[in-house]
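Chemist: What follows is a structure written as structure tokens; I'll ask about it next.
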Amino acid sequence: MAQDKPRIILRTEGLANPRALKTYIEHAEGYTAIKKVLGGAVTREQLIEEVKASGLRGRGGAGFPTGLKWTFVPQSDTGPKYLICNNDESEPGTFKDRHICTVNPHQVIEGMVLAAFAIKANKGYIYTRWEFQEEIGYLVEAIKEAYAAGFLGKNILGSGFDFDLDHYSGAGAYICGEETGLISSLEGKKGQPKVKPPFPAVSGYLGRPTIVNNTETLANVPWIVNHGAKEFRQYGTEKSPGSKLFSISGALVRPGVYEVPLGYPFERLVQEECGGYLPGRSLQALIPGGASAPLLTPEEVKGLTLDYEAMASRGTMLGSGAIMIIDDRQVLAELLKVTIEFFAHESCGQCTPCREGTGWLNNIMDGVLGGTAKPDSVERMRTVAKHMGGKTICALSDACAMPVTSYVQKFSGQLQAYLAQAAAAGSHVK
Amino acid sequence: MSEATQGSVETVTFTLNDREITVPKGTTVMAAARLKDVYIPHFCWHPGLKIAGVCRFCLVKVDNRPKLEIACNLTATPGMKVSSVLPEVKEAHKWALEFHLVNHPLDCPICDQAGECKLQDYYMEVGKYKSEMDRPKVLKPKALDIGSELVLDTERCILCDRCVRFEEEVTKTGALGIFNRGDRAVVGTYPDKKIEHNYQDNLVDICPVGAFTSRDFRFKQRVWFLKDKPAVCPGCSTGCHVDVYAKPQVRSYFRLKPRESAVNGFWMCDKGRNTYKHMNQEQRLRFPLVAEGSVARRKTTVDEALAALVGRLLAANKEDVALLVSAQYTCEEYKTLFDLFVVKLGVSKVYQWREPTEDLKAFDGLLYRGDHNPNTRGLSEALKAAGLPSEVNNGFDELVRQAPPLVIALGPEVAFQFPSLPAQLKQLEQLPFVSLWTIDGAAANYAGLKHLLPMKGFAEKRGHYLNFEAKVGELADPFPAGSDDARDVTEVVAALGDLFAHSL
Ligand SMILES: Cc1cc2nc3c(=O)[nH]c(=O)nc-3n(C[C@H](O)[C@H](O)[C@H](O)COP(=O)(O)O)c2cc1C
Ligand code: SF4
Ligand code: SF4
Ligand code: SF4
Ligand code: FES
């Protein structure tokens, strides 16, 4: 077994000037992967094969195999193609991409040059949510350094390959993290997802083939090129190879961003990395993969490992790796309310089930907390959520429905208590 | 314009509701269903617009695929098995409808769209259940003045995006947008901007609910009291195919709507929409007016008026007779007219009556043309067939200069497209004798015109027009004339012919 806690992404974390180009070059094999590839040692096809073989899965939430995604770009098409780094990081609970920008932005840029080479894109964008003003500064600075060093721009390292990289920022909308919503925003339009097909790999930014990858996904690529798929697969599990950054928050001694191999035991992360729960706190529920992930009960958390399969087998998801500890002091009904309110606020409003369903659920929750909800409100929430799922342009509708469904299934006691209270007080709508 | 007319050799065969369907390759399941008269519920899809895929109403089940998919964005592939009627699909339709009703005000009793509202239709068809929604609705702006022809109620809007796409793709004005997000999303124009083009009422047509209503039609009639018949718009040389909506029992016309065709696609212009008004009682010439010798002009019967005209014709030399013909009558009318006067009676002075300010080359790039006559081509061909000069020219001034003793003038039907008409009628008053055949009631204000015959409107006669590119526009299913005395040219000429036969 290779080392137990690999440093694939956060290689410069903890060093002085971690973001500087010099640090990246001296301590993290900086820009050696593009030298290898653009120098001719690895062909485009070999690069894609290596990434496929590594089993790298998209870290943006869906876990789609990265190498496979790159092959969807029609190579018969000789026109412009685009690569976009999805640095919108808007899923509640997620704060790992900003950490990458803070400690190791050059590795993202190098990963982008490699991905662009693989899909034959000569233009790329990093799209960051507006609220990350500091991180935007770090990225812009890193891009500048990379240009100055000849790692970006025309004829990179004399290879004949051109890749221009710009930074772009939206106004801070969750929906601009969905890849086609991001593309709309980048096109200068209202940030709303596009109906698929066509998929972005065929018709994306400006109607041209476009690959959108998450920041963390792209940051894996230089390491895979340097160390090979085989070594990558020494970390993680068969179906979830490599490491993963987890943004873990809640009543812990040391919440934060940690890089651990996929398949890492949840309990070990809590105890070793995070220093355990705050004194006197215990787990009431776990949100394992961002606000849109179905909740787990403490019972379901027993023996949980942090990988795509283990999450799926428990009916939830790893998502972007946003683990939220809901301790026993939280009022779950209020948590559910803010979760729904978030999605109702962020729904772009195009698709009727999402537009109306998110608002409807929010409305019901107002009633539940305000003591005016009908006695059958929990059942109503369940059916509304059921019919919001799997029917819309993007997954935001599901993202709202899933936590609601899991909540109603596993934790409806608190809701029922509110309803019973209202009924006793006679304040509910008849 | 429609998928049906796009010839394609390659075809695809798939199954829809257990029925094998063959359509051109690349056709979506929704478009295929429409071609084959299978109805899949939808709000946002429109055959004349790009796919939006937002209402999520058109869900269908494809065999061996886990999720329901939207038919409007689902390309039919060989052997695909699709169902729009399975219980799970029906359940999805019911819920899609329910979601549409969550924030809909349900003010059908005061809504103009009632009776032709897709939301109402579906509710009756798919739904008819007690609404699941029991919480307060989101309130939005109502009765907005959004354009000269339009009123917008954003609360009724179901955000199907059709109007936005129309403004983007058809008029290319991009005048509309959907602002804000989630259930606060609201359709509207940009600040301090209004919709200003000549195609506004199409928005009323494509809006599946009563969000857009027509200023002209608003609150006038419940649509289920109206009868509609196909016709062709007489407003310009494009000759858009239309449906005319009327209440024949009270001899009233209420509106025109475009009828899908290769000529006009799904649209028509606002100018054209107004070409029904001249057929209504208060605007039309309802009976003949004749001045005879020293007797002042008075209302007469059609028989008397025709007898008087024949009397004058018999007394005149054929050189004294001239025809002044506008390009607003049917090919059949021109043929019978010229057969009698030119071929039989040997009249050779035939003048075209045109609007002097017209710009024949004008075209707005969409439908509306500078030739504001529906049958300029038909008139030319009829003139040619009668052995007369046929190129388009305005003979009005020449006729006035010549001042022939007896003029038979076929006036323009759509007077508002002839801004110079009042001045021209004044000039005709100065001539010795003009028999003016017209539907335009304003002609009666010109006391010097000694002989006026009331004509039928385009919705009241059979025949055809040839549009700017000689495409045929049929008037095949007329309404009864709006006045008992109204005739078309063919009928007048036939009666005149009879009177001649008796007199000879
Ligand atoms: C509502 C919604 C929000 C999303 N937000 C993000 C985001 O903030 N960052 C991100 O990388 N992916 C986000 N995604 C996923 C992207 O659509 C896309 O799958 C991802 O960027 C692909 O990159 P990957 O293959 O590298 O994971 C979101 C998806 C949805 C449906
Ligand atoms: S699912 Fe919701 S957020 Fe996604 S496109 Fe539809 S309305 Fe917009
Ligand atoms: S106004 Fe009518 S056409 Fe426009 S989005 Fe609303 S419902 Fe659709
Ligand atoms: S374009 Fe011409 S024919 Fe068509 S509706 Fe307008 S006026 Fe009538
Ligand atoms: S008609 Fe297909 S989604 Fe609206």
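We label chains A, B, ... in the order they appear in the structure tokens, count residues from 1 in each chain, and number ligands from 1 in the order shown.
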Just need the residues of chain A within 6 Å of chain B, counting only C-alpha atoms, so spit them out as a list in words.
Modeler: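 Per the criterion, chain A yields Ser347, Cys348, Gly349, Gln350, Cys351, Thr352, Pro353, Arg355 and Glu356 of chain A.
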Chemist: Output the neighbourhood of ligand 3 as an MDAnalysis selection string, that is, all protein and nucleic acid residues with some atom at most 9 Å from the ligand, counting only C-alpha atoms and all ligand atoms.
Modeler: chainID B and resid 43:44 152:166 176:178 186:188 203:212
Chemist: For those residues, write N, CA, C and O atoms to a file as a compact mmCIF listing (two decimals), in the first residue's frame.
Modeler:
```txt
# COMPACT_ATOMS: atom_id res chain seq x y z
N PHE B 43 -47.12 22.86 -23.50
CA PHE B 43 -47.33 24.30 -23.39
C PHE B 43 -46.24 25.08 -24.12
O PHE B 43 -46.51 26.00 -24.84
N CYS B 44 -44.98 24.71 -23.90
CA CYS B 44 -43.91 25.57 -24.41
C CYS B 44 -43.55 25.26 -25.85
O CYS B 44 -43.11 26.14 -26.58
N LEU B 152 -50.84 42.86 -20.93
CA LEU B 152 -50.18 41.70 -20.35
C LEU B 152 -50.55 41.53 -18.88
O LEU B 152 -50.49 42.46 -18.10
N ASP B 153 -50.92 40.30 -18.55
CA ASP B 153 -51.21 39.93 -17.17
C ASP B 153 -50.16 38.90 -16.75
O ASP B 153 -50.24 37.73 -17.12
N THR B 154 -49.17 39.34 -16.00
CA THR B 154 -48.06 38.43 -15.72
C THR B 154 -48.42 37.36 -14.68
O THR B 154 -47.71 36.38 -14.53
N GLU B 155 -49.51 37.56 -14.01
CA GLU B 155 -49.94 36.56 -13.03
C GLU B 155 -50.51 35.32 -13.74
O GLU B 155 -50.38 34.20 -13.27
N ARG B 156 -51.14 35.55 -14.88
CA ARG B 156 -51.69 34.41 -15.63
C ARG B 156 -50.60 33.66 -16.38
O ARG B 156 -50.80 32.54 -16.83
N CYS B 157 -49.47 34.31 -16.57
CA CYS B 157 -48.38 33.74 -17.38
C CYS B 157 -47.87 32.44 -16.76
O CYS B 157 -47.67 32.34 -15.55
N ILE B 158 -47.68 31.43 -17.59
CA ILE B 158 -47.13 30.18 -17.10
C ILE B 158 -45.65 30.03 -17.48
O ILE B 158 -45.09 28.94 -17.42
N LEU B 159 -45.05 31.12 -17.93
CA LEU B 159 -43.61 31.17 -18.19
C LEU B 159 -43.15 30.11 -19.20
O LEU B 159 -42.11 29.49 -19.04
N CYS B 160 -43.95 29.97 -20.24
CA CYS B 160 -43.61 28.96 -21.25
C CYS B 160 -42.53 29.44 -22.20
O CYS B 160 -42.01 28.69 -23.00
N ASP B 161 -42.24 30.75 -22.16
CA ASP B 161 -41.14 31.30 -22.95
C ASP B 161 -41.47 31.44 -24.45
O ASP B 161 -40.63 31.84 -25.24
N ARG B 162 -42.71 31.12 -24.83
CA ARG B 162 -43.03 31.25 -26.26
C ARG B 162 -42.89 32.68 -26.76
O ARG B 162 -42.34 32.93 -27.82
N CYS B 163 -43.44 33.60 -25.98
CA CYS B 163 -43.41 35.01 -26.43
C CYS B 163 -41.97 35.51 -26.52
O CYS B 163 -41.63 36.26 -27.43
N VAL B 164 -41.15 35.08 -25.58
CA VAL B 164 -39.75 35.52 -25.59
C VAL B 164 -39.06 35.01 -26.84
O VAL B 164 -38.35 35.74 -27.54
N ARG B 165 -39.33 33.75 -27.16
CA ARG B 165 -38.71 33.17 -28.37
C ARG B 165 -39.26 33.83 -29.63
O ARG B 165 -38.53 34.05 -30.59
N PHE B 166 -40.55 34.15 -29.63
CA PHE B 166 -41.12 34.82 -30.79
C PHE B 166 -40.38 36.14 -31.05
O PHE B 166 -40.00 36.45 -32.18
N LEU B 176 -38.77 40.95 -25.35
CA LEU B 176 -39.28 40.37 -24.11
C LEU B 176 -38.22 39.54 -23.42
O LEU B 176 -37.34 38.97 -24.05
N GLY B 177 -38.35 39.46 -22.12
CA GLY B 177 -37.47 38.60 -21.35
C GLY B 177 -38.22 38.06 -20.15
O GLY B 177 -39.30 38.55 -19.81
N ILE B 178 -37.65 37.03 -19.53
CA ILE B 178 -38.21 36.58 -18.26
C ILE B 178 -37.22 37.04 -17.20
O ILE B 178 -36.04 36.69 -17.25
N VAL B 186 -40.87 36.60 -13.84
CA VAL B 186 -41.98 37.33 -14.45
C VAL B 186 -41.57 37.77 -15.85
O VAL B 186 -40.44 38.16 -16.10
N VAL B 187 -42.53 37.65 -16.76
CA VAL B 187 -42.25 38.00 -18.14
C VAL B 187 -42.47 39.50 -18.31
O VAL B 187 -43.29 40.10 -17.62
N GLY B 188 -41.70 40.11 -19.20
CA GLY B 188 -41.90 41.54 -19.42
C GLY B 188 -40.91 42.12 -20.42
O GLY B 188 -40.04 41.42 -20.93
N LEU B 203 -48.43 37.33 -30.48
CA LEU B 203 -48.13 36.98 -29.09
C LEU B 203 -49.39 36.52 -28.37
O LEU B 203 -49.35 35.62 -27.54
N VAL B 204 -50.49 37.13 -28.72
CA VAL B 204 -51.77 36.71 -28.14
C VAL B 204 -52.10 35.29 -28.62
O VAL B 204 -52.56 34.45 -27.84
N ASP B 205 -51.83 35.04 -29.88
CA ASP B 205 -52.12 33.71 -30.43
C ASP B 205 -51.28 32.62 -29.79
O ASP B 205 -51.77 31.55 -29.47
N ILE B 206 -49.99 32.89 -29.66
CA ILE B 206 -49.11 31.80 -29.18
C ILE B 206 -49.13 31.66 -27.68
O ILE B 206 -48.77 30.62 -27.15
N CYS B 207 -49.52 32.70 -26.98
CA CYS B 207 -49.58 32.59 -25.52
C CYS B 207 -50.65 31.56 -25.18
O CYS B 207 -51.81 31.74 -25.51
N PRO B 208 -50.26 30.48 -24.53
CA PRO B 208 -51.23 29.39 -24.31
C PRO B 208 -52.30 29.74 -23.29
O PRO B 208 -53.30 29.05 -23.20
N VAL B 209 -52.06 30.80 -22.54
CA VAL B 209 -53.04 31.22 -21.54
C VAL B 209 -53.45 32.67 -21.84
O VAL B 209 -53.10 33.21 -22.88
N GLY B 210 -54.14 33.29 -20.94
CA GLY B 210 -54.62 34.64 -21.18
C GLY B 210 -53.70 35.72 -20.63
O GLY B 210 -54.16 36.76 -20.20
N ALA B 211 -52.38 35.47 -20.68
CA ALA B 211 -51.45 36.48 -20.19
C ALA B 211 -51.39 37.65 -21.18
O ALA B 211 -51.53 38.81 -20.81
N PHE B 212 -51.21 37.33 -22.45
CA PHE B 212 -51.29 38.36 -23.48
C PHE B 212 -52.71 38.40 -24.01
O PHE B 212 -53.25 37.38 -24.45
```
Chemist: Given only C-alpha atoms and all ligand atoms as the basis, pick out the residue of A:Glu131, A:Glu49, A:Glu29, A:Glu216 nearest to ligand 1.
Modeler: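 The answer is A:Glu216, which sits nearest to ligand 1.
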Chemist: Around ligand 4, at most 8 Å away and counting only C-alpha atoms and all ligand atoms, which residues are there? Put them as number ranges by chain, please.
Modeler: B: 232-242, 258, 264, 267-273, 275, 366-369, 372, 374
Chemist: Report, in Å with one decimal, the straight-line distance from atom CA of B:Lys461 to atom CA of B:Arg286.
Modeler: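 So the two atoms, atom CA of B:Lys461 and atom CA of B:Arg286, lie 15.9 Å apart.
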Chemist: Contacts of A:Leu152 at 6 Å or less, counting only C-alpha atoms, minus same-chain residues fewer than 5 places along, as a list in words?
Modeler: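 Counting only the stated atoms, we get Ala146, Tyr147 and Phe163 of chain A.
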Chemist: Residues as selected, C-alpha atoms, written as a PDB file, in the first residue's frame, can you do that?
Modeler:
```
ATOM      1  CA  ALA A 146       1.901  31.288 -16.054  1.00  0.00           C
ATOM      2  CA  TYR A 147       1.669  33.542 -19.098  1.00  0.00           C
ATOM      3  CA  PHE A 163      -3.938  27.870 -25.087  1.00  0.00           C
TER       4      PHE A 163
END
```
Chemist: For stretch 363-379 of chain A, work out the shell of residues within 9 Å, counting only C-alpha atoms and skipping chain neighbours fewer than 3 positions away, then give it as a PyMOL selection string.
Modeler: (chain A and resi 333-334+336-337+340-341+358-360+382-384+408+412+415-416+418-423+425-430) or (chain B and resi 134-136)
Chemist: Can you check which residues of stretch 27-134 of chain B DSSP gives as alpha helix (DSSP H) on the backbone and send them as number ranges by chain?
Modeler: B: 29-35, 87-101, 118-122
Chemist: With only C-alpha atoms and all ligand atoms counted and 10 Å as the cut-off, give the residues of chain A in contact with ligand 2, each with its shortest interatomic distance in Å and the pair that gives it, as a tab-separated table.
Modeler:
```
residue	atom	partner	partner_atom_place_in_ligand_line	distance
A:Tyr174	CA	ligand 2	3 (S)	8.7
A:Ile175	CA	ligand 2	3 (S)	6.0
A:Cys176	CA	ligand 2	3 (S)	9.3
A:Glu178	CA	ligand 2	4 (Fe)	8.1
A:Thr180	CA	ligand 2	5 (S)	9.0
A:Gly181	CA	ligand 2	5 (S)	7.8
A:Gly191	CA	ligand 2	8 (Fe)	9.1
A:Gln192	CA	ligand 2	8 (Fe)	6.0
A:Pro193	CA	ligand 2	5 (S)	4.8
A:Lys194	CA	ligand 2	5 (S)	7.0
A:Val195	CA	ligand 2	5 (S)	7.8
A:Phe343	CA	ligand 2	3 (S)	8.3
A:Ala344	CA	ligand 2	2 (Fe)	8.9
A:His345	CA	ligand 2	3 (S)	9.8
A:Glu346	CA	ligand 2	3 (S)	7.0
A:Ser347	CA	ligand 2	3 (S)	4.1
A:Cys348	CA	ligand 2	8 (Fe)	4.0
A:Gly349	CA	ligand 2	7 (S)	4.1
A:Gln350	CA	ligand 2	7 (S)	4.1
A:Cys351	CA	ligand 2	7 (S)	3.9
A:Thr352	CA	ligand 2	7 (S)	6.6
A:Pro353	CA	ligand 2	7 (S)	7.4
A:Cys354	CA	ligand 2	2 (Fe)	4.5
A:Arg355	CA	ligand 2	7 (S)	5.3
A:Glu356	CA	ligand 2	7 (S)	8.8
A:Gly357	CA	ligand 2	2 (Fe)	9.3
A:Thr358	CA	ligand 2	2 (Fe)	8.5
A:Met388	CA	ligand 2	1 (S)	8.7
A:Gly389	CA	ligand 2	1 (S)	9.1
A:Gly390	CA	ligand 2	1 (S)	9.0
A:Lys391	CA	ligand 2	1 (S)	7.9
A:Thr392	CA	ligand 2	1 (S)	4.7
A:Ile393	CA	ligand 2	5 (S)	4.6
A:Cys394	CA	ligand 2	4 (Fe)	3.9
A:Ala395	CA	ligand 2	1 (S)	5.5
A:Leu396	CA	ligand 2	1 (S)	4.7
A:Ser397	CA	ligand 2	1 (S)	4.5
A:Asp398	CA	ligand 2	1 (S)	7.5
A:Ala399	CA	ligand 2	1 (S)	8.8
A:Cys400	CA	ligand 2	2 (Fe)	9.2
```
Chemist: What does the file look like for those residues with N, CA and C atoms, as a short mmCIF file (atom, residue, chain, number, x, y, z; two decimals), in the first residue's frame?
Modeler:
```cif
data_model
loop_
_atom_site.label_atom_id
_atom_site.label_comp_id
_atom_site.auth_asym_id
_atom_site.auth_seq_id
_atom_site.Cartn_x
_atom_site.Cartn_y
_atom_site.Cartn_z
N TYR A 174 -26.16 29.96 -7.53
CA TYR A 174 -25.95 28.52 -7.43
C TYR A 174 -26.09 27.87 -8.80
N ILE A 175 -27.07 28.31 -9.56
CA ILE A 175 -27.39 27.66 -10.82
C ILE A 175 -26.29 27.86 -11.86
N CYS A 176 -25.43 28.84 -11.66
CA CYS A 176 -24.31 29.03 -12.58
C CYS A 176 -23.20 28.02 -12.32
N GLU A 178 -24.15 24.79 -12.40
CA GLU A 178 -24.59 23.74 -13.32
C GLU A 178 -23.95 24.08 -14.65
N THR A 180 -24.36 23.97 -17.89
CA THR A 180 -24.96 24.76 -18.98
C THR A 180 -25.46 26.11 -18.49
N GLY A 181 -25.77 26.19 -17.20
CA GLY A 181 -26.10 27.49 -16.61
C GLY A 181 -24.85 28.37 -16.61
N GLY A 191 -28.16 33.48 -16.28
CA GLY A 191 -27.58 32.18 -15.95
C GLY A 191 -28.64 31.14 -15.78
N GLN A 192 -29.03 30.52 -16.87
CA GLN A 192 -29.95 29.41 -16.72
C GLN A 192 -29.56 28.25 -17.62
N PRO A 193 -29.73 27.02 -17.09
CA PRO A 193 -29.32 25.84 -17.82
C PRO A 193 -30.00 25.72 -19.19
N LYS A 194 -29.34 25.00 -20.07
CA LYS A 194 -29.88 24.79 -21.41
C LYS A 194 -30.43 23.38 -21.51
N VAL A 195 -31.46 23.25 -22.33
CA VAL A 195 -32.07 21.94 -22.50
C VAL A 195 -31.09 21.03 -23.26
N PHE A 343 -32.98 26.48 -2.20
CA PHE A 343 -33.28 26.01 -3.56
C PHE A 343 -34.38 26.84 -4.21
N ALA A 344 -35.38 27.23 -3.43
CA ALA A 344 -36.46 28.07 -3.98
C ALA A 344 -35.90 29.40 -4.45
N HIS A 345 -34.92 29.90 -3.71
CA HIS A 345 -34.31 31.17 -4.07
C HIS A 345 -33.42 31.01 -5.30
N GLU A 346 -32.77 29.87 -5.42
CA GLU A 346 -31.79 29.68 -6.49
C GLU A 346 -32.35 29.03 -7.75
N SER A 347 -33.54 28.47 -7.69
CA SER A 347 -34.13 27.89 -8.90
C SER A 347 -34.16 28.97 -9.97
N CYS A 348 -33.70 28.63 -11.17
CA CYS A 348 -33.70 29.65 -12.21
C CYS A 348 -35.11 29.93 -12.68
N GLY A 349 -36.02 28.98 -12.43
CA GLY A 349 -37.42 29.25 -12.71
C GLY A 349 -37.90 28.83 -14.09
N GLN A 350 -37.03 28.24 -14.88
CA GLN A 350 -37.48 27.83 -16.23
C GLN A 350 -38.48 26.69 -16.19
N CYS A 351 -38.09 25.62 -15.51
CA CYS A 351 -38.89 24.39 -15.55
C CYS A 351 -40.02 24.51 -14.53
N THR A 352 -41.20 24.22 -14.98
CA THR A 352 -42.35 24.40 -14.10
C THR A 352 -42.25 23.59 -12.80
N PRO A 353 -41.91 22.28 -12.84
CA PRO A 353 -41.90 21.53 -11.58
C PRO A 353 -40.91 22.10 -10.57
N CYS A 354 -39.80 22.62 -11.06
CA CYS A 354 -38.78 23.16 -10.16
C CYS A 354 -39.21 24.53 -9.66
N ARG A 355 -39.61 25.39 -10.57
CA ARG A 355 -40.04 26.73 -10.20
C ARG A 355 -41.16 26.69 -9.17
N GLU A 356 -42.19 25.92 -9.49
CA GLU A 356 -43.37 25.91 -8.64
C GLU A 356 -43.18 24.99 -7.44
N GLY A 357 -42.46 23.87 -7.67
CA GLY A 357 -42.29 22.90 -6.59
C GLY A 357 -41.43 23.44 -5.46
N THR A 358 -40.32 24.12 -5.82
CA THR A 358 -39.46 24.65 -4.76
C THR A 358 -40.22 25.70 -3.95
N MET A 388 -41.28 16.31 -8.36
CA MET A 388 -40.26 17.27 -8.82
C MET A 388 -39.03 16.55 -9.34
N GLY A 389 -38.92 15.28 -9.04
CA GLY A 389 -37.68 14.56 -9.30
C GLY A 389 -37.60 14.02 -10.71
N GLY A 390 -36.42 14.12 -11.32
CA GLY A 390 -36.14 13.46 -12.59
C GLY A 390 -36.93 13.98 -13.76
N LYS A 391 -37.43 15.21 -13.67
CA LYS A 391 -38.30 15.69 -14.74
C LYS A 391 -37.88 17.02 -15.33
N THR A 392 -36.72 17.51 -14.92
CA THR A 392 -36.41 18.90 -15.28
C THR A 392 -35.12 19.01 -16.09
N ILE A 393 -34.83 20.23 -16.53
CA ILE A 393 -33.67 20.46 -17.38
C ILE A 393 -32.38 20.14 -16.63
N CYS A 394 -32.29 20.61 -15.40
CA CYS A 394 -31.08 20.30 -14.64
C CYS A 394 -31.46 19.62 -13.34
N ALA A 395 -30.48 19.32 -12.53
CA ALA A 395 -30.73 18.52 -11.34
C ALA A 395 -31.08 19.36 -10.12
N LEU A 396 -31.30 20.68 -10.30
CA LEU A 396 -31.62 21.47 -9.12
C LEU A 396 -32.95 21.04 -8.50
N SER A 397 -33.87 20.70 -9.36
CA SER A 397 -35.17 20.27 -8.86
C SER A 397 -35.00 19.01 -8.00
N ASP A 398 -34.22 18.07 -8.49
CA ASP A 398 -33.92 16.87 -7.71
C ASP A 398 -33.16 17.22 -6.44
N ALA A 399 -32.26 18.19 -6.59
CA ALA A 399 -31.42 18.58 -5.45
C ALA A 399 -32.27 19.09 -4.31
N CYS A 400 -33.40 19.68 -4.63
CA CYS A 400 -34.31 20.15 -3.59
C CYS A 400 -35.19 19.00 -3.10
#
```
Chemist: Could you pull the residues within 10 Å of stretch 95-99 of chain A, counting only C-alpha atoms, minus those fewer than 5 positions along the same chain, as an MDAnalysis selection string?
Modeler: chainID A and resid 10 13 59:60 86:90 104:105 108 128:129 132 134:136 138 214:217 219 244:249 256:259 320:322
Chemist: What's around B:Gly463 at 9 Å? Count only C-alpha atoms, leave out sequence neighbours fewer than 4 positions away in its own chain, and write the answer as a list of chain:residue names.
Modeler: B:Tyr329, B:Thr330, B:Cys331, B:Glu332, B:Glu333, B:Gly473, B:Glu474, B:Leu475, B:Ala476
Chemist: Tell me, as a PyMOL selection string, which residues lie within 8 Å of B:Asp320, counting only C-alpha atoms; anything in the same chain fewer than 6 positions away does not count.
Modeler: chain B and resi 404-406
Chemist: Identify all residues of stretch 206-318 of chain A in strand (DSSP E) (DSSP on the backbone) and supply them as an MDAnalysis selection string.
Modeler: chainID A and resid 210:214 243:249 256:261 264:265 283:287 305:306
Chemist: Nearest to ligand 1: which of A:Tyr24, A:Tyr277, A:Phe161, A:Phe199 is it, counting only C-alpha atoms and all ligand atoms?
Modeler: A:Phe199
Chemist: Can you work out which one of A:Gly150, A:Gly250, A:Gly79, A:Pro92 has the shortest atom-to-atom distance to ligand 1, counting only C-alpha atoms and all ligand atoms?
Modeler: A:Pro92
